[in-house]
Amino acid sequence: MAERIAPESYPVKWFQTESSKLMFWDTFDGLVKKAGFSLYSSNRIFTLRPRQGEEGEWVVSLRGEPGRPLKATDFPEGSFRRKLAAIISVRAVLASAEIIRESSAFSILNTDGKTIARALWMVIYPDGGKNPRTAMVLQPLRGYAGDVQKYIDRLPRAESHVTVEEMLKSLLPATEALYQSRPRLSFDSKEGMAPALRLILETQFHVMLQNEQGLLEDWDTEFLHDFRVAGRRMRSALSLIKPILHPGIKQELVLALKKLGRYTGPVRDLDVYLLARRDFEKMLPGEFAGHGFDLFFRGLALERKKRFRELKDFMSSQEYARVKETWRDGLKSWQKHLINNPDLEEMAAALLKKHFRKIIKAGGKLSRSSADERFHDLRIEAKKLRYLLEFFSSLYHEDIIRDTIRRLKMFQDNLGAFNDYSVQIDMLEKFLRTAEKKKDQEQVKTLSALIAVSHREKEKLKKEYTGLYKAFADEKNQLLYQKLFGGNL
């Protein structure tokens, strides 16, 4: 160990040696890693540690054997839970392969037998005992920094670290490429639009399949969300980028996705409402956020279980297997279904300009007195533009297209939240009619209050819309689209 690589003139004094199992955790999309943290557990003790720059360490003990996966709410109240929640939000952390850790604490002595540094030697076996990885932390005592530096100079460079954080970073198991719900695509513009459309569809079909297990196991709500959004992107790509495929195969592919929507939609709508529980609790007066409120959300949770069982049954059926087979066959036999292959860059620019113009024109006609349906129509157009920008982002400068998407997102968020409240109001009114028939006065009171709050928040969004539209439609943004996609808007 340390004696084999250190100068003989610096003897060591061992204190303790420990062996334990270490498990690293992260979300499916790598949020812990992206935030610059590492999360690991050993013997039910979880440690959240910053890997870059930030100081601090959060430790918590979890009763019982750690479940898989774990959400922030599965941990005890406290600073660990708050910090983790700020990083992963509603996502769950999943366990990676378990590895063995051996660590030994020791002191380094000089020729006079005096301690000049405290040290920690760590060995990790990431693959069942093979190919061990080693690291060492050295912390010199005051006045001996020079001696310790001489010691360090005799060590292999990769094995010496100043802090435990650096050591852990070096020992973290290699990770595969992180999952991306919106991968940035790369096209060969010389090949035309047909191969580009195929790549868009193949990529989003793969995203759907990546989320299957997490959806079926119900690890967290984002698996269903990403699965559903990937399907919507596929449908949008087929409807927006045309005419490329023969109408027969195109209709077959779209109908297969619509079957999915009938099962995924109701579960996702309930998820949105259940996730907003705390927000509504804060908005409601105290007398409305009591027993009736709890009963209502308990009923929503039961309804969600029922709808999720239906979705799970469908995804375990031959019908769902046929949906996937339809898509696999369609992509495999792509060439025989082609009827057109226009220039990629020309068609992409034309589509982007067309939908930007539609939003500018339709959005300028809306006001607080406009019907809700017109806001919903505009939301759909904004979503189409967002998908097109994401599909073809690699054709344009990354920084500029990122700013373009950011500006659209600010506008789109308002329209999306408006739609969420509309969906929630419709659902609440259905529950209210049922409660009135049952003469459940407590539920009637709670539901009436929730409807009132939802209408109030929806009106706030209508009020905010005008300013957001002006910012999106301003001259600077129009010039940006003109510069990116050419021609006049």
# chains A, B, ... in the order shown; residues from 1 in each chain; ligands from 1
call {"tool": "select_by_dssp", "arguments": {"residues": "range 120-259 of chain A", "states": "alpha helix (DSSP H)", "output": "MDAnalysis selection string"}}
result
chainID A and resid 145:153 164:171 193:210 212:217 221:240 247:259
call {"tool": "atom_distance", "arguments": {"atom1": "CA of Gln443 in chain A", "atom2": "CA of Arg456 in chain A"}}
result
19.8 Å
call {"tool": "residues_around", "arguments": {"residues": "Val123 in chain A", "least_positions_apart": "6", "cutoff": "8 Å", "atoms": "only C-alpha atoms", "output": "list in words"}}
result
Arg101, Glu102, Ser103, Pro132, Arg133, Thr134 and Ala135 of chain A
call {"tool": "write_last_selection", "arguments": {"atoms": "all heavy atoms", "output": "JSON list (two decimals), in the first residue's frame"}}
result
[["chain", "number", "residue", "atom", "x", "y", "z"],
["A", 101, "ARG", "N", -15.57, -0.72, -1.11],
["A", 101, "ARG", "CA", -14.62, 0.34, -0.75],
["A", 101, "ARG", "C", -13.81, -0.12, 0.46],
["A", 101, "ARG", "O", -14.36, -0.56, 1.46],
["A", 101, "ARG", "CB", -15.36, 1.63, -0.42],
["A", 101, "ARG", "CG", -14.45, 2.75, 0.08],
["A", 101, "ARG", "CD", -15.23, 3.99, 0.45],
["A", 101, "ARG", "NE", -16.11, 3.75, 1.59],
["A", 101, "ARG", "CZ", -16.86, 4.71, 2.16],
["A", 101, "ARG", "NH1", -16.84, 5.93, 1.67],
["A", 101, "ARG", "NH2", -17.64, 4.42, 3.18],
["A", 102, "GLU", "N", -12.50, 0.01, 0.36],
["A", 102, "GLU", "CA", -11.62, -0.22, 1.50],
["A", 102, "GLU", "C", -10.87, 1.07, 1.79],
["A", 102, "GLU", "O", -10.28, 1.66, 0.88],
["A", 102, "GLU", "CB", -10.64, -1.35, 1.21],
["A", 102, "GLU", "CG", -11.28, -2.72, 1.08],
["A", 102, "GLU", "CD", -10.29, -3.81, 0.78],
["A", 102, "GLU", "OE1", -9.09, -3.47, 0.58],
["A", 102, "GLU", "OE2", -10.68, -4.98, 0.74],
["A", 103, "SER", "N", -10.91, 1.53, 3.01],
["A", 103, "SER", "CA", -10.21, 2.79, 3.36],
["A", 103, "SER", "C", -9.38, 2.58, 4.61],
["A", 103, "SER", "O", -9.80, 1.87, 5.54],
["A", 103, "SER", "CB", -11.22, 3.92, 3.57],
["A", 103, "SER", "OG", -12.15, 3.58, 4.57],
["A", 132, "PRO", "N", -8.88, -2.79, -9.33],
["A", 132, "PRO", "CA", -9.07, -1.80, -8.26],
["A", 132, "PRO", "C", -8.53, -0.43, -8.64],
["A", 132, "PRO", "O", -7.55, -0.32, -9.37],
["A", 132, "PRO", "CB", -8.28, -2.40, -7.09],
["A", 132, "PRO", "CG", -7.27, -3.29, -7.73],
["A", 132, "PRO", "CD", -7.93, -3.86, -8.94],
["A", 133, "ARG", "N", -9.20, 0.61, -8.13],
["A", 133, "ARG", "CA", -8.77, 1.99, -8.35],
["A", 133, "ARG", "C", -8.40, 2.57, -6.98],
["A", 133, "ARG", "O", -9.13, 2.40, -6.01],
["A", 133, "ARG", "CB", -9.89, 2.81, -8.99],
["A", 133, "ARG", "CG", -10.36, 2.21, -10.31],
["A", 133, "ARG", "CD", -11.53, 2.99, -10.88],
["A", 133, "ARG", "NE", -11.11, 4.33, -11.25],
["A", 133, "ARG", "CZ", -11.96, 5.28, -11.66],
["A", 133, "ARG", "NH1", -13.26, 5.01, -11.71],
["A", 133, "ARG", "NH2", -11.53, 6.47, -11.99],
["A", 134, "THR", "N", -7.27, 3.26, -6.92],
["A", 134, "THR", "CA", -6.77, 3.76, -5.64],
["A", 134, "THR", "C", -6.63, 5.26, -5.64],
["A", 134, "THR", "O", -6.46, 5.89, -6.69],
["A", 134, "THR", "CB", -5.40, 3.14, -5.30],
["A", 134, "THR", "OG1", -4.46, 3.53, -6.31],
["A", 134, "THR", "CG2", -5.48, 1.64, -5.24],
["A", 135, "ALA", "N", -6.68, 5.85, -4.45],
["A", 135, "ALA", "CA", -6.49, 7.29, -4.28],
["A", 135, "ALA", "C", -6.06, 7.55, -2.84],
["A", 135, "ALA", "O", -6.32, 6.75, -1.94],
["A", 135, "ALA", "CB", -7.76, 8.05, -4.60]]
call {"tool": "residues_around", "arguments": {"residues": "range 85-95 of chain A", "least_positions_apart": "3", "cutoff": "12 Å", "atoms": "only C-alpha atoms", "output": "PyMOL selection string"}}
result
chain A and resi 22-42+46+48+50+66-82+98-99+214+217-226+271-272+274-276
call {"tool": "closest_residue", "arguments": {"among": "A:Gly292, A:Pro11, A:Gly261, A:Gly486", "to": "Leu351 in chain A", "atoms": "only C-alpha atoms"}}
result
A:Gly486
call {"tool": "residues_around", "arguments": {"residues": "Ile359 in chain A", "least_positions_apart": "3", "cutoff": "8 Å", "atoms": "only C-alpha atoms", "output": "mmCIF file with C-alpha atoms, in the first residue's frame"}}
result
data_model
loop_
_atom_site.group_PDB
_atom_site.id
_atom_site.type_symbol
_atom_site.label_atom_id
_atom_site.label_comp_id
_atom_site.auth_asym_id
_atom_site.auth_seq_id
_atom_site.Cartn_x
_atom_site.Cartn_y
_atom_site.Cartn_z
ATOM 1 C CA HIS A 355 -45.073 29.038 -37.863
ATOM 2 C CA PHE A 356 -43.373 32.098 -36.396
ATOM 3 C CA ALA A 362 -52.736 35.156 -34.213
ATOM 4 C CA GLY A 363 -51.116 36.281 -30.953
ATOM 5 C CA LEU A 378 -52.092 29.654 -30.041
ATOM 6 C CA GLU A 381 -48.924 26.734 -32.685
ATOM 7 C CA ALA A 382 -46.234 27.715 -30.155
#
